[in-house]
Amino acid sequence: MTPSADVPLDAQSIERGRYLFAQSCDFFWGAEREDNLPPIGLPEIAFAGRSNVGKSSLVNALTGRKTLARVSHTPGRTQQLNFFNLGQRLTLVDLPGYGHAQVSKKKVVGWHQMIGAYLRGRVSLQRVCLLIDGRHGFKENDIAVMEMLDTAAVSYQVILTKADDCKNEQLDQIILETTLRLKKHAAAFPEIVVTSSRSGRGVEDLRALLASFANP
Ligand code: GDP
């Protein structure tokens, strides 16, 4: 049995989510420094996670387009905050991936500074989707990011990725550990969303959930 992690949503919310994510999703701003953020506009949802967690694949699955992977994997754009306008109703923000083995300590400090500044000062930011690899659970740098989110008092929600590549018992164990861990984090939303961009699991639920933050 999977503990309460698949967030069942009603048909109307699912339809609202499907409709929103069928709209165009256009890149409009790349911020490489904290003093170069776009003006406050639509409600924002940010996506954070370790490099290779499956962030671009999941956002592509959500939007049904390859825009995000194309933009965010472009040389020069991988280390910046990339902003996408979804149907003039919601902004999706792709935060640079963290935890890459080859990245120097200096760059890690830079990541924390820039993301910290964005998180603290962004009144339009509604929620951070913190992507965690469903096969491995939390790593040390995920915990550091959660602490940063707690300090900034930004509401965040754990999204497990790559569920297709996990055995049921393994996934149940990760869900259990994650749920227990989240209780210790003040700004964490208690429900986890289990996803796979490969099988599509959880994608429509996540669309519905995010649509609840969008402008009408
Ligand atoms: P990012 O660096 O977080 O943007 O990660 P990517 O979306 O580029 O994916 C990193 C790797 O994970 C790629 O090899 C993907 O094919 C793989 N991947 C992404 N999503 C899934 C998934 O849902 N299931 C599985 N099994 N692999 C995935």
# chains A, B, ... in the order shown; residues from 1 in each chain; ligands from 1
>>> closest_atom_pairs(of="chain A", to="ligand 1", cutoff="7 Å", atoms="only C-alpha atoms and all ligand atoms", output="JSON lines")
{"residue": "A:Gly49", "atom": "CA", "partner": "ligand 1", "partner_atom_place_in_ligand_line": "3 (O)", "distance": 6.5}
{"residue": "A:Arg50", "atom": "CA", "partner": "ligand 1", "partner_atom_place_in_ligand_line": "3 (O)", "distance": 6.4}
{"residue": "A:Ser51", "atom": "CA", "partner": "ligand 1", "partner_atom_place_in_ligand_line": "2 (O)", "distance": 4.3}
{"residue": "A:Asn52", "atom": "CA", "partner": "ligand 1", "partner_atom_place_in_ligand_line": "2 (O)", "distance": 3.3}
{"residue": "A:Val53", "atom": "CA", "partner": "ligand 1", "partner_atom_place_in_ligand_line": "3 (O)", "distance": 4.0}
{"residue": "A:Gly54", "atom": "CA", "partner": "ligand 1", "partner_atom_place_in_ligand_line": "5 (O)", "distance": 3.3}
{"residue": "A:Lys55", "atom": "CA", "partner": "ligand 1", "partner_atom_place_in_ligand_line": "3 (O)", "distance": 3.7}
{"residue": "A:Ser56", "atom": "CA", "partner": "ligand 1", "partner_atom_place_in_ligand_line": "4 (O)", "distance": 3.7}
{"residue": "A:Ser57", "atom": "CA", "partner": "ligand 1", "partner_atom_place_in_ligand_line": "7 (O)", "distance": 3.6}
{"residue": "A:Leu58", "atom": "CA", "partner": "ligand 1", "partner_atom_place_in_ligand_line": "20 (N)", "distance": 6.3}
{"residue": "A:Ala69", "atom": "CA", "partner": "ligand 1", "partner_atom_place_in_ligand_line": "4 (O)", "distance": 6.8}
{"residue": "A:Gly97", "atom": "CA", "partner": "ligand 1", "partner_atom_place_in_ligand_line": "3 (O)", "distance": 6.4}
{"residue": "A:Thr161", "atom": "CA", "partner": "ligand 1", "partner_atom_place_in_ligand_line": "23 (O)", "distance": 5.9}
{"residue": "A:Lys162", "atom": "CA", "partner": "ligand 1", "partner_atom_place_in_ligand_line": "24 (N)", "distance": 3.7}
{"residue": "A:Ala163", "atom": "CA", "partner": "ligand 1", "partner_atom_place_in_ligand_line": "23 (O)", "distance": 6.4}
{"residue": "A:Asp164", "atom": "CA", "partner": "ligand 1", "partner_atom_place_in_ligand_line": "24 (N)", "distance": 5.7}
{"residue": "A:Asp165", "atom": "CA", "partner": "ligand 1", "partner_atom_place_in_ligand_line": "26 (N)", "distance": 4.8}
{"residue": "A:Thr195", "atom": "CA", "partner": "ligand 1", "partner_atom_place_in_ligand_line": "23 (O)", "distance": 6.9}
{"residue": "A:Ser196", "atom": "CA", "partner": "ligand 1", "partner_atom_place_in_ligand_line": "23 (O)", "distance": 3.7}
{"residue": "A:Ser197", "atom": "CA", "partner": "ligand 1", "partner_atom_place_in_ligand_line": "23 (O)", "distance": 3.8}
{"residue": "A:Arg198", "atom": "CA", "partner": "ligand 1", "partner_atom_place_in_ligand_line": "23 (O)", "distance": 4.2}
{"residue": "A:Ser199", "atom": "CA", "partner": "ligand 1", "partner_atom_place_in_ligand_line": "23 (O)", "distance": 6.7}
>>> select_by_dssp(residues="stretch 5-49 of chain A", states="strand (DSSP E)", output="PDB file with N, CA and C atoms, in the first residue's frame")
ATOM      1  N   CYS A  25       3.541  27.921 -22.954  1.00  0.00           N
ATOM      2  CA  CYS A  25       4.464  28.081 -21.836  1.00  0.00           C
ATOM      3  C   CYS A  25       5.750  28.672 -22.419  1.00  0.00           C
ATOM      4  N   ASP A  26       5.934  29.976 -22.204  1.00  0.00           N
ATOM      5  CA  ASP A  26       7.020  30.669 -22.897  1.00  0.00           C
ATOM      6  C   ASP A  26       8.081  31.197 -21.954  1.00  0.00           C
ATOM      7  N   PHE A  27       9.324  30.944 -22.328  1.00  0.00           N
ATOM      8  CA  PHE A  27      10.453  31.493 -21.579  1.00  0.00           C
ATOM      9  C   PHE A  27      10.439  33.008 -21.731  1.00  0.00           C
ATOM     10  N   PHE A  28      10.540  33.753 -20.589  1.00  0.00           N
ATOM     11  CA  PHE A  28      10.575  35.213 -20.754  1.00  0.00           C
ATOM     12  C   PHE A  28      11.706  35.898 -20.006  1.00  0.00           C
ATOM     13  N   TRP A  29      12.436  35.167 -19.129  1.00  0.00           N
ATOM     14  CA  TRP A  29      13.486  35.870 -18.374  1.00  0.00           C
ATOM     15  C   TRP A  29      14.493  34.860 -17.823  1.00  0.00           C
ATOM     16  N   GLY A  30      15.743  35.214 -17.922  1.00  0.00           N
ATOM     17  CA  GLY A  30      16.773  34.416 -17.262  1.00  0.00           C
ATOM     18  C   GLY A  30      17.526  35.330 -16.303  1.00  0.00           C
ATOM     19  N   ALA A  31      17.611  34.950 -15.053  1.00  0.00           N
ATOM     20  CA  ALA A  31      18.292  35.795 -14.059  1.00  0.00           C
ATOM     21  C   ALA A  31      19.550  35.094 -13.596  1.00  0.00           C
ATOM     22  N   GLU A  44       3.897  32.731  -8.690  1.00  0.00           N
ATOM     23  CA  GLU A  44       5.031  31.911  -9.133  1.00  0.00           C
ATOM     24  C   GLU A  44       5.109  30.579  -8.407  1.00  0.00           C
ATOM     25  N   ILE A  45       5.508  29.573  -9.158  1.00  0.00           N
ATOM     26  CA  ILE A  45       5.822  28.248  -8.610  1.00  0.00           C
ATOM     27  C   ILE A  45       7.254  27.949  -9.036  1.00  0.00           C
ATOM     28  N   ALA A  46       8.111  27.631  -8.077  1.00  0.00           N
ATOM     29  CA  ALA A  46       9.502  27.333  -8.429  1.00  0.00           C
ATOM     30  C   ALA A  46       9.761  25.834  -8.296  1.00  0.00           C
ATOM     31  N   PHE A  47      10.653  25.350  -9.153  1.00  0.00           N
ATOM     32  CA  PHE A  47      11.042  23.937  -9.140  1.00  0.00           C
ATOM     33  C   PHE A  47      12.511  23.851  -8.755  1.00  0.00           C
ATOM     34  N   ALA A  48      12.790  23.092  -7.715  1.00  0.00           N
ATOM     35  CA  ALA A  48      14.169  22.953  -7.241  1.00  0.00           C
ATOM     36  C   ALA A  48      14.509  21.478  -7.111  1.00  0.00           C
ATOM     37  N   GLY A  49      15.780  21.171  -7.242  1.00  0.00           N
ATOM     38  CA  GLY A  49      16.197  19.785  -7.044  1.00  0.00           C
ATOM     39  C   GLY A  49      17.639  19.585  -7.441  1.00  0.00           C
TER      40      GLY A  49
END
>>> atom_distance(atom1="atom CA of A:Ile143", atom2="atom CA of A:Cys129")
14.1 Å
>>> residues_around(residues="stretch 214-216 of chain A", least_positions_apart="6", cutoff="7 Å", atoms="only C-alpha atoms", output="list in words")
Pro43, Arg89 and Leu90 of chain A
>>> write_last_selection(atoms="C-alpha atoms", output="PDB file, in the first residue's frame")
ATOM      1  CA  PRO A  43       1.861  34.007  -8.992  1.00  0.00           C
ATOM      2  CA  ARG A  89      -1.858  32.908 -15.467  1.00  0.00           C
ATOM      3  CA  LEU A  90       1.120  31.412 -13.671  1.00  0.00           C
TER       4      LEU A  90
END
>>> atom_distance(atom1="atom CA of A:Asp205", atom2="atom CA of A:Arg77")
29.0 Å
>>> select_by_dssp(residues="stretch 6-199 of chain A", states="alpha helix (DSSP H)", output="PyMOL selection string")
chain A and resi 11-21+55-63+67-72+105-121+140-152+168-182
>>> atom_distance(atom1="atom CA of A:Arg120", atom2="atom CA of A:Ala144")
15.5 Å
>>> residues_around(residues="A:Gly116", least_positions_apart="5", cutoff="9 Å", atoms="only C-alpha atoms", output="list of chain:residue names")
A:Glu34, A:Trp111, A:Gly121, A:Met148, A:Leu149, A:Ala152
>>> write_last_selection(atoms="N, CA, C and O atoms", output="short mmCIF file (atom, residue, chain, number, x, y, z; two decimals), in the first residue's frame")
data_model
loop_
_atom_site.label_atom_id
_atom_site.label_comp_id
_atom_site.auth_asym_id
_atom_site.auth_seq_id
_atom_site.Cartn_x
_atom_site.Cartn_y
_atom_site.Cartn_z
N GLU A 34 21.03 37.90 -8.36
CA GLU A 34 19.83 38.19 -7.56
C GLU A 34 19.26 39.60 -7.79
O GLU A 34 18.11 39.86 -7.50
N TRP A 111 25.28 29.56 -5.33
CA TRP A 111 23.92 29.03 -5.52
C TRP A 111 23.06 29.41 -4.32
O TRP A 111 21.98 29.95 -4.44
N GLY A 121 12.96 37.22 -0.88
CA GLY A 121 12.36 38.49 -1.29
C GLY A 121 11.18 38.39 -2.24
O GLY A 121 10.68 39.39 -2.68
N MET A 148 17.06 26.00 4.27
CA MET A 148 17.03 27.34 3.70
C MET A 148 15.57 27.78 3.46
O MET A 148 15.21 28.92 3.72
N LEU A 149 14.76 26.86 2.97
CA LEU A 149 13.36 27.18 2.71
C LEU A 149 12.60 27.44 4.01
O LEU A 149 11.76 28.33 4.08
N ALA A 152 13.57 30.90 5.11
CA ALA A 152 12.92 31.93 4.28
C ALA A 152 11.39 31.90 4.45
O ALA A 152 10.70 32.76 3.91
#
>>> residues_around(residues="A:Asp142", least_positions_apart="5", cutoff="9 Å", atoms="only C-alpha atoms", output="list in words")
Gly49, Arg50, Tyr98, Gly99, Leu130, Ile132 and Glu147 of chain A
>>> write_last_selection(atoms="N, CA and C atoms", output="PDB file, in the first residue's frame")
ATOM      1  N   GLY A  49      15.780  21.171  -7.242  1.00  0.00           N
ATOM      2  CA  GLY A  49      16.197  19.785  -7.044  1.00  0.00           C
ATOM      3  C   GLY A  49      17.639  19.585  -7.441  1.00  0.00           C
ATOM      4  N   ARG A  50      18.196  18.463  -7.014  1.00  0.00           N
ATOM      5  CA  ARG A  50      19.572  18.136  -7.390  1.00  0.00           C
ATOM      6  C   ARG A  50      19.664  17.978  -8.905  1.00  0.00           C
ATOM      7  N   TYR A  98      21.223  21.644  -8.082  1.00  0.00           N
ATOM      8  CA  TYR A  98      22.354  21.713  -7.137  1.00  0.00           C
ATOM      9  C   TYR A  98      22.930  20.313  -6.925  1.00  0.00           C
ATOM     10  N   GLY A  99      24.083  20.288  -6.268  1.00  0.00           N
ATOM     11  CA  GLY A  99      24.644  18.995  -5.849  1.00  0.00           C
ATOM     12  C   GLY A  99      25.454  18.281  -6.909  1.00  0.00           C
ATOM     13  N   LEU A 130       9.914  20.849  -4.406  1.00  0.00           N
ATOM     14  CA  LEU A 130      11.255  20.322  -4.163  1.00  0.00           C
ATOM     15  C   LEU A 130      11.286  18.881  -4.669  1.00  0.00           C
ATOM     16  N   ILE A 132      12.655  15.293  -5.373  1.00  0.00           N
ATOM     17  CA  ILE A 132      13.543  14.328  -4.727  1.00  0.00           C
ATOM     18  C   ILE A 132      13.453  13.029  -5.524  1.00  0.00           C
ATOM     19  N   GLU A 147      16.324  23.437   4.843  1.00  0.00           N
ATOM     20  CA  GLU A 147      16.574  24.358   5.961  1.00  0.00           C
ATOM     21  C   GLU A 147      16.531  25.802   5.484  1.00  0.00           C
TER      22      GLU A 147
END
>>> residues_around(residues="A:Tyr19", least_positions_apart="3", cutoff="10 Å", atoms="only C-alpha atoms", output="list in words")
Ser13, Ile14, Glu15, Arg16, Ala22, Gln23, Gly87, Arg207, Ala208 and Ala211 of chain A
>>> closest_residue(among="A:Thr78, A:Asn141, A:Val123, A:Leu37", to="A:Val108", atoms="only C-alpha atoms")
A:Asn141
>>> closest_residue(among="A:Val93, A:Glu169, A:Asp150, A:Phe189", to="A:Tyr118", atoms="only C-alpha atoms")
A:Val93
>>> closest_residue(among="A:His136, A:Arg65, A:Lys106, A:Arg33", to="A:Gln79", atoms="only C-alpha atoms")
A:Arg33
>>> closest_residue(among="A:Val158, A:Ala61, A:Leu20, A:Leu119", to="A:Gly200", atoms="only C-alpha atoms")
A:Ala61
>>> residues_around(residues="stretch 181-186 of chain A", least_positions_apart="2", cutoff="9 Å", atoms="only C-alpha atoms", output="PyMOL selection string")
chain A and resi 146-147+150-151+153+155+158+176-179+188-191
>>> closest_residue(among="A:Cys166, A:Val71, A:Gln80, A:Phe138", to="A:Val59", atoms="only C-alpha atoms")
A:Val71
>>> decode(residues="stretch 156-181 of chain A", atoms="N, CA and C atoms", output="tab-separated table (two decimals), in the first residue's frame")
chain	number	residue	atom	x	y	z
A	156	TYR	N	6.86	24.83	0.80
A	156	TYR	CA	7.39	23.92	-0.22
A	156	TYR	C	6.80	22.54	-0.08
A	157	GLN	N	6.86	21.81	-1.16
A	157	GLN	CA	6.23	20.50	-1.22
A	157	GLN	C	7.16	19.53	-1.91
A	158	VAL	N	7.29	18.36	-1.34
A	158	VAL	CA	8.18	17.37	-1.93
A	158	VAL	C	7.46	16.61	-3.04
A	159	ILE	N	8.14	16.53	-4.18
A	159	ILE	CA	7.65	15.77	-5.32
A	159	ILE	C	8.66	14.65	-5.55
A	160	LEU	N	8.25	13.43	-5.40
A	160	LEU	CA	9.17	12.33	-5.68
A	160	LEU	C	9.15	12.06	-7.18
A	161	THR	N	10.33	11.87	-7.75
A	161	THR	CA	10.43	11.63	-9.19
A	161	THR	C	10.84	10.18	-9.48
A	162	LYS	N	10.70	9.77	-10.72
A	162	LYS	CA	11.18	8.48	-11.24
A	162	LYS	C	10.55	7.28	-10.54
A	163	ALA	N	9.26	7.44	-10.16
A	163	ALA	CA	8.57	6.37	-9.44
A	163	ALA	C	8.52	5.08	-10.26
A	164	ASP	N	8.56	5.21	-11.59
A	164	ASP	CA	8.52	4.01	-12.46
A	164	ASP	C	9.72	3.10	-12.24
A	165	ASP	N	10.78	3.68	-11.70
A	165	ASP	CA	12.03	2.93	-11.54
A	165	ASP	C	12.22	2.43	-10.11
A	166	CYS	N	11.13	2.41	-9.35
A	166	CYS	CA	11.22	1.97	-7.95
A	166	CYS	C	10.31	0.78	-7.74
A	167	LYS	N	10.76	-0.16	-6.95
A	167	LYS	CA	9.87	-1.26	-6.54
A	167	LYS	C	8.89	-0.70	-5.53
A	168	ASN	N	7.69	-1.29	-5.45
A	168	ASN	CA	6.66	-0.76	-4.55
A	168	ASN	C	7.14	-0.63	-3.11
A	169	GLU	N	7.82	-1.69	-2.61
A	169	GLU	CA	8.25	-1.67	-1.19
A	169	GLU	C	9.28	-0.57	-0.97
A	170	GLN	N	10.16	-0.41	-1.96
A	170	GLN	CA	11.21	0.60	-1.87
A	170	GLN	C	10.56	2.00	-1.82
A	171	LEU	N	9.58	2.21	-2.69
A	171	LEU	CA	8.90	3.50	-2.76
A	171	LEU	C	8.14	3.77	-1.47
A	172	ASP	N	7.45	2.74	-0.94
A	172	ASP	CA	6.71	2.90	0.32
A	172	ASP	C	7.65	3.33	1.44
A	173	GLN	N	8.84	2.72	1.45
A	173	GLN	CA	9.82	3.04	2.49
A	173	GLN	C	10.28	4.49	2.37
A	174	ILE	N	10.56	4.92	1.15
A	174	ILE	CA	11.00	6.31	0.91
A	174	ILE	C	9.88	7.28	1.30
A	175	ILE	N	8.65	6.92	0.97
A	175	ILE	CA	7.52	7.80	1.30
A	175	ILE	C	7.40	7.95	2.82
A	176	LEU	N	7.56	6.82	3.50
A	176	LEU	CA	7.47	6.83	4.95
A	176	LEU	C	8.57	7.70	5.56
A	177	GLU	N	9.79	7.49	5.10
A	177	GLU	CA	10.92	8.27	5.63
A	177	GLU	C	10.74	9.76	5.33
A	178	THR	N	10.25	10.03	4.12
A	178	THR	CA	10.06	11.43	3.70
A	178	THR	C	8.99	12.08	4.58
A	179	THR	N	7.90	11.37	4.79
A	179	THR	CA	6.80	11.91	5.60
A	179	THR	C	7.30	12.24	7.00
A	180	LEU	N	8.08	11.35	7.58
A	180	LEU	CA	8.61	11.57	8.94
A	180	LEU	C	9.54	12.77	8.95
A	181	ARG	N	10.39	12.84	7.95
A	181	ARG	CA	11.36	13.93	7.86
A	181	ARG	C	10.65	15.28	7.73
